[in-house]
file input.tsv (TSV, C-alpha atoms)
chain	number	residue	atom	x	y	z
A	1	MET	CA	118.43	197.44	167.34
A	2	ARG	CA	115.37	195.43	166.28
A	3	ARG	CA	113.75	198.63	164.96
A	4	VAL	CA	116.80	199.33	162.76
A	5	GLN	CA	116.70	195.76	161.39
A	6	PHE	CA	113.00	196.10	160.64
A	7	VAL	CA	113.55	199.38	158.73
A	8	LEU	CA	116.39	197.84	156.72
A	9	ALA	CA	114.21	194.86	155.84
A	10	VAL	CA	111.40	197.11	154.63
A	11	VAL	CA	113.83	199.12	152.49
A	12	GLY	CA	115.24	195.90	151.01
A	13	MET	CA	111.78	194.64	150.08
A	14	ALA	CA	110.99	197.95	148.43
A	15	LEU	CA	114.20	197.82	146.42
A	16	ALA	CA	113.46	194.24	145.36
A	17	SER	CA	109.96	195.24	144.30
A	18	GLY	CA	111.41	198.09	142.26
A	19	CYS	CA	113.81	195.76	140.48
A	20	GLY	CA	110.89	193.51	139.49
A	21	GLU	CA	108.85	196.32	137.95
A	22	GLY	CA	111.40	198.95	137.05
A	23	GLY	CA	114.27	198.83	134.64
A	24	PRO	CA	113.82	199.36	130.90
A	25	ASN	CA	110.30	200.14	129.79
A	26	LEU	CA	109.30	196.89	128.11
A	27	GLY	CA	105.62	197.66	128.15
A	28	GLY	CA	103.87	200.15	130.39
A	29	GLY	CA	105.44	202.71	132.70
A	30	PRO	CA	107.96	202.12	135.41
A	31	LYS	CA	105.31	200.36	137.48
A	32	GLY	CA	103.67	198.52	134.60
A	33	PRO	CA	104.11	194.85	133.69
A	34	LYS	CA	107.24	193.64	131.96
A	35	TYR	CA	106.94	191.84	128.64
A	36	ARG	CA	109.23	189.87	126.43
A	37	PHE	CA	109.14	190.92	122.79
A	38	ALA	CA	109.98	189.43	119.40
A	39	PRO	CA	110.71	191.77	116.48
A	40	ILE	CA	108.58	191.58	113.36
A	41	THR	CA	111.09	191.62	110.53
A	42	ARG	CA	111.34	190.89	106.82
A	43	THR	CA	113.39	187.92	105.67
A	44	ASP	CA	113.27	184.67	103.72
A	45	LEU	CA	111.48	181.75	105.36
A	46	VAL	CA	111.77	178.10	104.39
A	47	ARG	CA	109.98	175.08	105.79
A	48	THR	CA	111.93	171.84	105.47
A	49	VAL	CA	111.68	168.16	106.33
A	50	GLU	CA	114.90	166.60	107.58
A	51	ALA	CA	115.81	163.01	106.75
A	52	THR	CA	118.74	160.70	106.16
A	53	GLY	CA	119.28	158.46	103.17
A	54	THR	CA	121.75	156.39	101.21
A	55	VAL	CA	123.31	157.21	97.84
A	56	GLN	CA	122.66	154.52	95.26
A	57	PRO	CA	122.87	154.04	91.49
A	58	ARG	CA	119.81	154.82	89.43
A	59	ASN	CA	117.11	152.12	89.15
A	60	THR	CA	118.91	149.49	91.27
A	61	PRO	CA	120.08	149.95	94.87
A	62	SER	CA	123.09	147.63	94.54
A	63	GLY	CA	123.86	147.84	90.83
A	64	ILE	CA	122.95	145.69	87.84
A	65	PRO	CA	124.24	142.10	88.04
A	66	VAL	CA	125.74	140.92	84.75
A	67	GLY	CA	125.84	137.13	84.64
A	68	ALA	CA	126.81	134.15	82.49
A	69	GLN	CA	123.92	132.22	80.92
A	70	VAL	CA	126.09	129.33	79.72
A	71	ASN	CA	128.61	127.00	81.32
A	72	GLY	CA	132.29	127.23	80.63
A	73	LYS	CA	135.68	128.61	81.54
A	74	VAL	CA	136.18	132.36	81.69
A	75	LEU	CA	138.81	132.99	79.04
A	76	LYS	CA	139.13	136.75	79.43
A	77	LEU	CA	137.92	139.64	81.59
A	78	PHE	CA	138.19	142.94	79.77
A	79	VAL	CA	137.27	145.21	82.72
A	80	ASP	CA	138.14	145.56	86.38
A	81	TYR	CA	136.84	147.43	89.42
A	82	ASN	CA	135.80	151.04	88.65
A	83	SER	CA	136.16	150.49	84.90
A	84	THR	CA	133.88	152.71	82.83
A	85	VAL	CA	131.79	150.72	80.34
A	86	THR	CA	129.32	151.57	77.59
A	87	ASN	CA	126.15	149.84	76.48
A	88	GLY	CA	127.06	146.79	74.37
A	89	GLN	CA	130.75	146.79	75.31
A	90	VAL	CA	132.34	143.32	75.67
A	91	VAL	CA	133.28	142.82	79.33
A	92	ALA	CA	134.04	139.08	79.51
A	93	LEU	CA	134.49	136.02	77.27
A	94	ILE	CA	133.60	132.38	78.06
A	95	ASP	CA	135.29	129.53	76.18
A	96	PRO	CA	133.11	129.15	73.03
A	97	LEU	CA	134.66	125.90	71.66
A	98	VAL	CA	131.79	123.56	72.60
A	99	TYR	CA	129.11	126.03	71.53
A	100	GLU	CA	130.76	126.66	68.17
A	101	ALA	CA	130.69	122.89	67.47
A	102	THR	CA	127.04	122.69	68.49
A	103	TYR	CA	126.23	125.61	66.24
A	104	ARG	CA	128.01	124.06	63.22
A	105	ASN	CA	126.21	120.74	63.82
A	106	ALA	CA	122.83	122.51	63.92
A	107	VAL	CA	123.63	124.38	60.71
A	108	GLY	CA	124.60	121.08	59.01
A	109	GLN	CA	121.32	119.47	60.03
A	110	LEU	CA	119.44	122.47	58.69
A	111	HIS	CA	121.16	122.20	55.31
A	112	GLY	CA	120.38	118.46	55.17
A	113	ASN	CA	116.71	119.03	55.88
A	114	GLN	CA	116.56	121.82	53.33
A	115	ALA	CA	117.97	119.41	50.71
A	116	LYS	CA	115.38	116.83	51.71
A	117	VAL	CA	112.66	119.41	51.11
A	118	LYS	CA	113.91	119.94	47.57
A	119	GLN	CA	113.97	116.17	47.01
A	120	CYS	CA	110.39	115.84	48.26
A	121	GLU	CA	109.29	118.70	46.03
A	122	ALA	CA	110.76	116.91	43.01
A	123	THR	CA	109.04	113.65	44.01
A	124	LEU	CA	105.74	115.45	44.38
A	125	THR	CA	106.10	117.09	40.96
A	126	LEU	CA	106.72	113.69	39.35
A	127	ALA	CA	103.77	112.12	41.20
A	128	GLU	CA	101.43	114.87	40.01
A	129	LYS	CA	102.54	114.43	36.38
A	130	THR	CA	102.07	110.65	36.64
A	131	LEU	CA	98.58	111.19	38.05
A	132	VAL	CA	97.67	113.46	35.14
A	133	ARG	CA	98.77	110.80	32.60
A	134	LYS	CA	96.92	108.01	34.44
A	135	ARG	CA	93.72	110.03	34.45
A	136	ALA	CA	94.01	110.65	30.74
A	137	LEU	CA	94.55	106.94	30.04
A	138	PHE	CA	91.75	105.94	32.39
A	139	ALA	CA	89.40	108.29	30.58
A	140	LYS	CA	90.21	106.46	27.31
A	141	GLU	CA	89.82	103.12	29.09
A	142	MET	CA	93.48	102.38	28.42
A	143	CYS	CA	94.53	101.65	32.03
A	144	PRO	CA	92.88	99.86	34.90
A	145	GLU	CA	91.38	101.84	37.81
A	146	ALA	CA	93.93	100.31	40.17
A	147	ASP	CA	96.75	102.16	38.38
A	148	LEU	CA	94.84	105.45	38.80
A	149	ASP	CA	94.37	104.78	42.51
A	150	ALA	CA	98.08	104.00	42.90
A	151	ALA	CA	98.98	107.30	41.21
A	152	VAL	CA	96.68	109.22	43.56
A	153	GLU	CA	98.23	107.47	46.57
A	154	ALA	CA	101.77	108.27	45.32
A	155	ARG	CA	100.87	111.96	44.95
A	156	ASP	CA	99.37	112.15	48.46
A	157	SER	CA	102.41	110.36	49.94
A	158	ALA	CA	104.75	112.82	48.21
A	159	ARG	CA	102.79	115.75	49.66
A	160	ALA	CA	103.03	114.27	53.17
A	161	SER	CA	106.76	113.72	52.80
A	162	LEU	CA	107.19	117.32	51.69
A	163	ASP	CA	105.25	118.61	54.71
A	164	SER	CA	107.35	116.44	57.02
A	165	ALA	CA	110.56	117.71	55.44
A	166	LYS	CA	109.43	121.32	55.86
A	167	ALA	CA	108.67	120.65	59.55
A	168	SER	CA	112.16	119.22	59.95
A	169	VAL	CA	113.57	122.40	58.46
A	170	GLU	CA	111.66	124.49	60.99
A	171	GLN	CA	113.02	122.34	63.83
A	172	SER	CA	116.52	122.69	62.47
A	173	GLU	CA	116.13	126.45	62.21
A	174	ALA	CA	115.08	126.56	65.88
A	175	SER	CA	118.10	124.43	66.82
A	176	VAL	CA	120.36	126.78	64.87
A	177	SER	CA	118.85	129.81	66.62
A	178	LYS	CA	119.39	128.23	70.05
A	179	ALA	CA	122.92	127.18	69.24
A	180	LYS	CA	123.66	130.66	67.91
A	181	ALA	CA	122.22	132.26	71.06
A	182	ASP	CA	124.34	130.01	73.30
A	183	LEU	CA	127.38	130.91	71.25
A	184	ASP	CA	126.58	134.62	71.56
A	185	TYR	CA	126.13	134.23	75.33
A	186	CYS	CA	129.80	133.28	75.51
A	187	THR	CA	130.50	136.95	74.81
A	188	ILE	CA	129.20	138.92	77.81
A	189	ARG	CA	128.32	142.54	77.11
A	190	SER	CA	127.42	145.47	79.33
A	191	PRO	CA	123.66	146.21	79.30
A	192	VAL	CA	124.07	149.90	80.23
A	193	ASN	CA	126.49	152.80	80.35
A	194	GLY	CA	128.06	152.80	83.76
A	195	VAL	CA	130.93	151.77	85.99
A	196	VAL	CA	131.97	148.36	87.34
A	197	LEU	CA	131.25	148.09	91.07
A	198	ALA	CA	132.33	144.49	91.67
A	199	ARG	CA	133.96	141.56	89.91
A	200	LYS	CA	132.67	138.14	90.97
A	201	VAL	CA	134.97	135.75	89.04
A	202	GLU	CA	138.56	135.50	87.92
A	203	GLU	CA	140.07	134.56	84.57
A	204	GLY	CA	140.33	130.77	84.21
A	205	GLU	CA	137.49	130.12	86.64
A	206	THR	CA	134.69	127.84	85.41
A	207	VAL	CA	131.14	129.09	85.79
A	208	VAL	CA	128.20	126.69	85.90
A	209	SER	CA	124.81	128.16	85.09
A	210	SER	CA	121.71	126.24	86.16
A	211	MET	CA	118.33	127.90	86.73
A	212	ASN	CA	119.80	131.38	87.29
A	213	ALA	CA	122.57	133.28	85.59
A	214	VAL	CA	125.89	133.14	87.44
A	215	PRO	CA	126.96	136.71	88.39
A	216	VAL	CA	130.20	137.77	86.78
A	217	LEU	CA	130.19	141.56	87.29
A	218	THR	CA	128.07	144.20	88.99
A	219	ILE	CA	127.66	147.41	87.02
A	220	ALA	CA	126.20	150.66	88.32
A	221	GLU	CA	124.31	152.73	85.80
A	222	ASP	CA	125.96	156.04	84.88
A	223	LEU	CA	126.95	157.66	88.20
A	224	LYS	CA	126.77	161.18	86.78
A	225	THR	CA	123.19	161.03	88.04
A	226	VAL	CA	122.50	159.22	91.32
A	227	TRP	CA	119.51	158.51	93.53
A	228	VAL	CA	119.29	159.02	97.27
A	229	GLU	CA	116.75	156.80	99.03
A	230	ALA	CA	115.53	158.37	102.26
A	231	THR	CA	112.92	157.27	104.80
A	232	VAL	CA	110.39	159.87	105.96
A	233	PRO	CA	107.88	159.39	108.84
A	234	GLU	CA	104.20	159.41	107.98
A	235	ALA	CA	103.75	162.69	109.89
A	236	ASP	CA	105.96	164.50	107.35
A	237	VAL	CA	105.33	162.60	104.13
A	238	GLY	CA	102.11	164.54	103.45
A	239	ASN	CA	104.12	167.75	102.98
A	240	ILE	CA	106.45	166.23	100.38
A	241	LYS	CA	105.63	166.52	96.68
A	242	VAL	CA	107.40	165.30	93.54
A	243	GLY	CA	109.69	168.00	92.16
A	244	GLN	CA	110.49	169.74	95.46
A	245	ALA	CA	114.04	171.01	95.87
A	246	VAL	CA	116.41	169.10	98.16
A	247	THR	CA	119.81	169.97	99.56
A	248	PHE	CA	121.96	167.36	101.26
A	249	THR	CA	125.42	166.73	102.58
A	250	ALA	CA	127.66	163.68	102.71
A	251	ASP	CA	130.08	163.01	105.54
A	252	ALA	CA	132.96	162.69	103.08
A	253	TYR	CA	132.72	166.30	101.80
A	254	ARG	CA	132.31	169.78	103.20
A	255	ARG	CA	129.83	170.95	100.61
A	256	ARG	CA	126.15	170.81	99.77
A	257	PHE	CA	124.62	168.88	96.91
A	258	LYS	CA	121.35	169.66	95.19
A	259	GLY	CA	118.58	167.39	94.00
A	260	ARG	CA	114.85	167.05	93.55
A	261	VAL	CA	112.21	164.64	94.79
A	262	ARG	CA	111.70	162.08	92.02
A	263	GLN	CA	109.35	159.55	93.60
A	264	ILE	CA	107.28	158.99	96.74
A	265	ARG	CA	106.94	155.24	97.09
A	266	LEU	CA	103.91	153.67	98.77
A	267	ALA	CA	105.81	150.69	100.20
A	268	ALA	CA	105.52	151.63	103.88
A	269	THR	CA	107.74	150.12	106.55
A	270	THR	CA	106.80	149.89	110.24
A	271	THR	CA	109.60	149.85	112.80
A	272	ASN	CA	108.81	150.16	116.54
A	273	ASN	CA	105.29	151.36	115.62
A	274	VAL	CA	106.76	154.16	113.46
A	275	VAL	CA	105.54	154.11	109.86
A	276	THR	CA	108.00	155.44	107.28
A	277	TYR	CA	107.87	155.81	103.51
A	278	PRO	CA	110.79	155.67	101.05
A	279	ILE	CA	111.46	158.89	99.15
A	280	ILE	CA	113.68	158.87	96.05
A	281	ILE	CA	115.76	162.01	95.37
A	282	GLU	CA	117.55	162.40	92.07
A	283	ALA	CA	120.76	164.43	92.11
A	284	GLU	CA	123.32	165.39	89.51
A	285	ASN	CA	126.81	164.03	90.17
A	286	PRO	CA	128.89	165.31	87.21
A	287	ASP	CA	132.23	164.95	88.99
A	288	GLU	CA	131.18	161.57	90.46
A	289	MET	CA	132.08	162.63	93.99
A	290	LEU	CA	129.10	160.76	95.42
A	291	PHE	CA	129.75	157.02	95.71
A	292	PRO	CA	127.07	154.32	96.11
A	293	GLY	CA	126.49	153.56	99.78
A	294	MET	CA	127.35	157.01	101.16
A	295	THR	CA	125.09	158.36	103.89
A	296	ALA	CA	123.34	161.62	103.03
A	297	THR	CA	121.69	164.09	105.41
A	298	LEU	CA	118.84	165.71	103.53
A	299	SER	CA	116.78	168.86	103.87
A	300	ILE	CA	113.64	168.68	101.71
A	301	GLU	CA	112.15	172.11	101.01
A	302	THR	CA	108.38	171.83	101.39
A	303	ALA	CA	107.48	175.54	101.37
A	304	ARG	CA	109.23	178.89	100.86
A	305	ALA	CA	108.39	182.55	101.40
A	306	GLU	CA	110.91	185.07	100.12
A	307	ASP	CA	111.21	188.58	101.50
A	308	ALA	CA	108.32	187.85	103.88
A	309	VAL	CA	107.26	189.60	107.08
A	310	VAL	CA	107.82	187.07	109.88
A	311	VAL	CA	107.37	186.86	113.63
A	312	SER	CA	108.37	184.33	116.24
A	313	ALA	CA	105.89	181.45	116.50
A	314	ALA	CA	105.82	182.05	120.27
A	315	ALA	CA	103.80	185.24	119.64
A	316	PHE	CA	100.78	183.10	118.72
A	317	ARG	CA	100.98	181.18	121.99
A	318	PHE	CA	100.98	184.26	124.25
A	319	ARG	CA	97.83	184.83	126.35
A	320	PRO	CA	97.81	188.10	128.34
A	321	LYS	CA	96.26	188.60	131.71
A	322	GLU	CA	92.86	190.23	131.69
A	323	GLU	CA	94.04	193.35	133.52
A	324	ASP	CA	96.77	193.93	130.91
A	325	ARG	CA	94.42	193.87	127.90
A	326	ALA	CA	92.92	196.92	126.29
A	327	PRO	CA	89.15	197.29	126.85
A	328	GLY	CA	86.92	195.52	124.36
A	329	GLU	CA	86.12	192.04	123.16
A	330	VAL	CA	88.99	189.84	122.06
A	331	PRO	CA	88.37	188.65	118.46
A	332	ARG	CA	88.46	184.95	117.64
A	333	GLY	CA	91.18	183.63	115.36
A	334	ARG	CA	94.95	183.68	115.10
A	335	LYS	CA	96.34	186.88	116.54
A	336	ILE	CA	99.38	188.60	117.93
A	337	TRP	CA	99.50	191.13	120.74
A	338	LEU	CA	101.11	194.56	120.49
A	339	VAL	CA	101.48	197.27	123.10
A	340	GLY	CA	98.93	200.01	122.45
A	341	ALA	CA	97.78	203.20	124.15
A	342	ASP	CA	98.11	203.41	127.92
A	343	ASP	CA	100.53	200.50	127.72
A	344	LYS	CA	97.66	198.06	127.25
A	345	LEU	CA	97.97	195.02	125.01
A	346	VAL	CA	95.93	195.14	121.81
A	347	PRO	CA	95.15	191.99	119.76
A	348	HIS	CA	95.65	192.01	115.98
A	349	LEU	CA	94.20	189.33	113.76
A	350	VAL	CA	96.71	188.02	111.21
A	351	LYS	CA	96.78	185.46	108.45
A	352	GLU	CA	99.52	182.88	108.77
A	353	GLY	CA	101.65	181.77	105.86
A	354	VAL	CA	104.72	179.57	105.75
A	355	SER	CA	106.06	178.42	109.12
A	356	ASP	CA	109.28	176.63	110.03
A	357	ASP	CA	108.07	175.95	113.61
A	358	SER	CA	110.30	178.75	114.94
A	359	PHE	CA	109.01	181.63	112.83
A	360	THR	CA	105.78	182.23	110.94
A	361	GLU	CA	105.05	184.38	107.91
A	362	LEU	CA	102.44	187.14	108.32
A	363	VAL	CA	100.52	187.29	105.04
A	364	ASP	CA	99.79	190.93	104.13
A	365	GLY	CA	101.71	191.90	107.27
A	366	ALA	CA	103.64	194.86	105.86
A	367	SER	CA	101.91	197.18	108.34
A	368	PHE	CA	103.48	195.25	111.22
A	369	GLU	CA	107.04	195.40	109.92
A	370	GLY	CA	109.42	197.01	112.41
A	371	LYS	CA	107.09	196.50	115.38
A	372	GLU	CA	107.49	194.09	118.26
A	373	ALA	CA	105.03	191.37	119.23
A	374	VAL	CA	104.66	190.24	122.81
A	375	VAL	CA	105.75	186.65	123.38
A	376	GLY	CA	105.56	186.46	127.19
A	377	TYR	CA	105.98	188.11	130.55
A	378	GLN	CA	109.28	189.00	132.11
A	379	THR	CA	110.13	186.90	135.15
A	380	PRO	CA	112.72	187.41	137.87
A	381	THR	CA	114.78	184.70	136.17
A	382	THR	CA	114.86	186.48	132.82
A	383	LEU	CA	115.50	189.86	134.47
A	384	ALA	CA	118.39	188.48	136.52
A	385	GLN	CA	119.92	186.59	133.58
A	386	PRO	CA	123.42	188.00	132.88
A	387	SER	CA	124.06	189.53	129.50
A	388	ASP	CA	126.75	186.97	128.69
A	389	ALA	CA	124.51	183.98	129.41
A	390	ALA	CA	124.41	183.22	125.72
A	391	ASN	CA	128.10	182.39	125.91
A	392	ASN	CA	127.37	179.48	128.22
A	393	PRO	CA	127.70	176.38	126.02
A	394	PHE	CA	125.12	174.54	128.13
A	395	MET	CA	122.41	177.22	127.74
A	396	PRO	CA	119.89	176.68	124.91
A	397	LYS	CA	120.14	179.36	122.26
A	398	ARG	CA	117.26	180.95	120.38
A	399	PRO	CA	117.55	180.70	116.60
A	400	LYS	CA	119.01	183.84	115.08
A	401	ARG	CA	117.22	185.64	112.30
A	402	GLY	CA	118.83	187.77	109.69
A	403	THR	CA	118.31	189.03	106.20
A	404	ALA	CA	119.86	185.84	104.86
A	405	GLY	CA	116.79	183.84	105.95
A	406	THR	CA	116.59	180.21	106.96
A	407	ALA	CA	116.92	178.69	103.53
A	408	PRO	CA	120.03	176.62	102.87
A	409	GLU	CA	120.49	178.55	99.62
A	410	PRO	CA	118.37	181.20	97.88
A	411	LYS	CA	116.00	179.87	95.26
A	412	LYS	CA	117.15	180.51	91.70
call {"tool": "encode", "arguments": {"input": "input.tsv", "output": "structure tokens"}}
result
Amino acid sequence: MRRVQFVLAVVGMALASGCGEGGPNLGGGPKGPKYRFAPITRTDLVRTVEATGTVQPRNTPSGIPVGAQVNGKVLKLFVDYNSTVTNGQVVALIDPLVYEATYRNAVGQLHGNQAKVKQCEATLTLAEKTLVRKRALFAKEMCPEADLDAAVEARDSARASLDSAKASVEQSEASVSKAKADLDYCTIRSPVNGVVLARKVEEGETVVSSMNAVPVLTIAEDLKTVWVEATVPEADVGNIKVGQAVTFTADAYRRRFKGRVRQIRLAATTTNNVVTYPIIIEAENPDEMLFPGMTATLSIETARAEDAVVVSAAAFRFRPKEEDRAPGEVPRGRKIWLVGADDKLVPHLVKEGVSDDSFTELVDGASFEGKEAVVGYQTPTTLAQPSDAANNPFMPKRPKRGTAGTAPEPKK
């Protein structure tokens, strides 16, 4: 009985050994080592940097505040939330009664000072004529010197009065300009083409402006073009360049939007010892579907290789056992391993191109297309893995490759 059990055990071990080395010929003969392979195929390859950001109006994250620079009651608001406005359009009116009176008073003072200038000019003209006559009489010894001195003094006094009157005119002109500016400030106009995001006051409310302008409205610059401000870690910011293509999605829509990197700002922020940099993406928004404040999930294209020969990045990490290698010295450099004659592994030096961390482009690798690179050894676990293991939702899945490539959309 024990002999029969021993024979059965030996047969079982032999069968188990056969299962570990037999099966499909994945490298070598039926008794040779088992390898795992990755096909070398031709496809499009794109390297991207993923980030999240916030949609905002151009130039200002929260819109342009439009305020009142004078005090007074708001007589009329001509726009409301979401109203479309143009540059120079009247959006609000503050009671101008007091400022109109101030302006008229300043204009009256200006006219009075201008009349005084004319009066002083006439006085000066008369004083100069009198001085000419006195000099002529003094030359003929027909008037005392004191009369000549008095005429000179009268001319100089008239000149001084004229200069003072002209200075008063300049002061009055400044007062008129200020009064006119205050009166114009009663009419609040939009500084840009855009849309009203918020209204801060109501009609009939009194605004009091002190050192800063009191906000009345907030206007977002034309939303047909928006910015998305994203934060990118310092490890990835070196791969980002101005002008690179960007695709992004917003939670509100089931579609992709396109944009381009506009600016890489140097104002770094450190949070939990992680340094990030703000990246500004400019995107067209002709139908104005993107609203300020929406969260965007971005994919920034940092490199692209179209119709390239690619292989799994795991092929570069494979290191064969010495007994499985073909005879000869192993060259230094980046290489992949292919099965050669006598089922031995042969190294091939390659030049890497674009990589998306899962797959790597083989520059000038057309000769490898259609072949399979070794990425590892078969193990009992991989041999025993059922064919439907990929259907297990808890099993990690390898990225699939196809002729469509990894790019979100083909480059145009």
call {"tool": "residues_around", "arguments": {"input": "input.tsv", "residues": "Gly328 (chain A)", "least_positions_apart": "5", "cutoff": "12 Å", "atoms": "only C-alpha atoms", "output": "PDB file with C-alpha atoms, keeping the file's coordinate frame"}}
result
ATOM      1  CA  GLU A 322      92.860 190.230 131.690  1.00  0.00           C
ATOM      2  CA  GLU A 323      94.040 193.350 133.520  1.00  0.00           C
ATOM      3  CA  LYS A 344      97.660 198.060 127.250  1.00  0.00           C
ATOM      4  CA  LEU A 345      97.970 195.020 125.010  1.00  0.00           C
ATOM      5  CA  VAL A 346      95.930 195.140 121.810  1.00  0.00           C
ATOM      6  CA  PRO A 347      95.150 191.990 119.760  1.00  0.00           C
TER       7      PRO A 347
END
call {"tool": "residues_near_point", "arguments": {"input": "input.tsv", "point": "(133.6, 130.5, 79.9)", "cutoff": "9 Å", "atoms": "all atoms listed in the file", "output": "PyMOL selection string"}}
result
chain A and resi 68+70-76+92-96+186-187+203-208
call {"tool": "write_last_selection", "arguments": {"input": "input.tsv", "atoms": "C-alpha atoms", "output": "compact mmCIF listing (two decimals), in the frame of the given file"}}
result
# COMPACT_ATOMS: atom_id res chain seq x y z
CA ALA A 68 126.81 134.15 82.49
CA VAL A 70 126.09 129.33 79.72
CA ASN A 71 128.61 127.00 81.32
CA GLY A 72 132.29 127.23 80.63
CA LYS A 73 135.68 128.61 81.54
CA VAL A 74 136.18 132.36 81.69
CA LEU A 75 138.81 132.99 79.04
CA LYS A 76 139.13 136.75 79.43
CA ALA A 92 134.04 139.08 79.51
CA LEU A 93 134.49 136.02 77.27
CA ILE A 94 133.60 132.38 78.06
CA ASP A 95 135.29 129.53 76.18
CA PRO A 96 133.11 129.15 73.03
CA CYS A 186 129.80 133.28 75.51
CA THR A 187 130.50 136.95 74.81
CA GLU A 203 140.07 134.56 84.57
CA GLY A 204 140.33 130.77 84.21
CA GLU A 205 137.49 130.12 86.64
CA THR A 206 134.69 127.84 85.41
CA VAL A 207 131.14 129.09 85.79
CA VAL A 208 128.20 126.69 85.90
call {"tool": "residues_around", "arguments": {"input": "input.tsv", "residues": "region 244-259 of chain A", "least_positions_apart": "4", "cutoff": "6 Å", "atoms": "all atoms listed in the file", "output": "list in words"}}
result
Glu282, Ala283, Ala296, Thr297, Leu298, Ser299, Ile300 and Glu301 of chain A
call {"tool": "closest_residue", "arguments": {"input": "input.tsv", "among": "A:Leu124, A:Ala136, A:Val226, A:Ala146", "to": "Ala160 (chain A)", "atoms": "all atoms listed in the file"}}
result
A:Leu124
call {"tool": "closest_residue", "arguments": {"input": "input.tsv", "among": "A:Thr218, A:Thr295, A:Thr271, A:Gln119", "to": "Arg189 (chain A)", "atoms": "all atoms listed in the file"}}
result
A:Thr218
call {"tool": "atom_distance", "arguments": {"input": "input.tsv", "atom1": "CA of Glu306 (chain A)", "atom2": "CA of Ala235 (chain A)"}}
result
25.4 Å
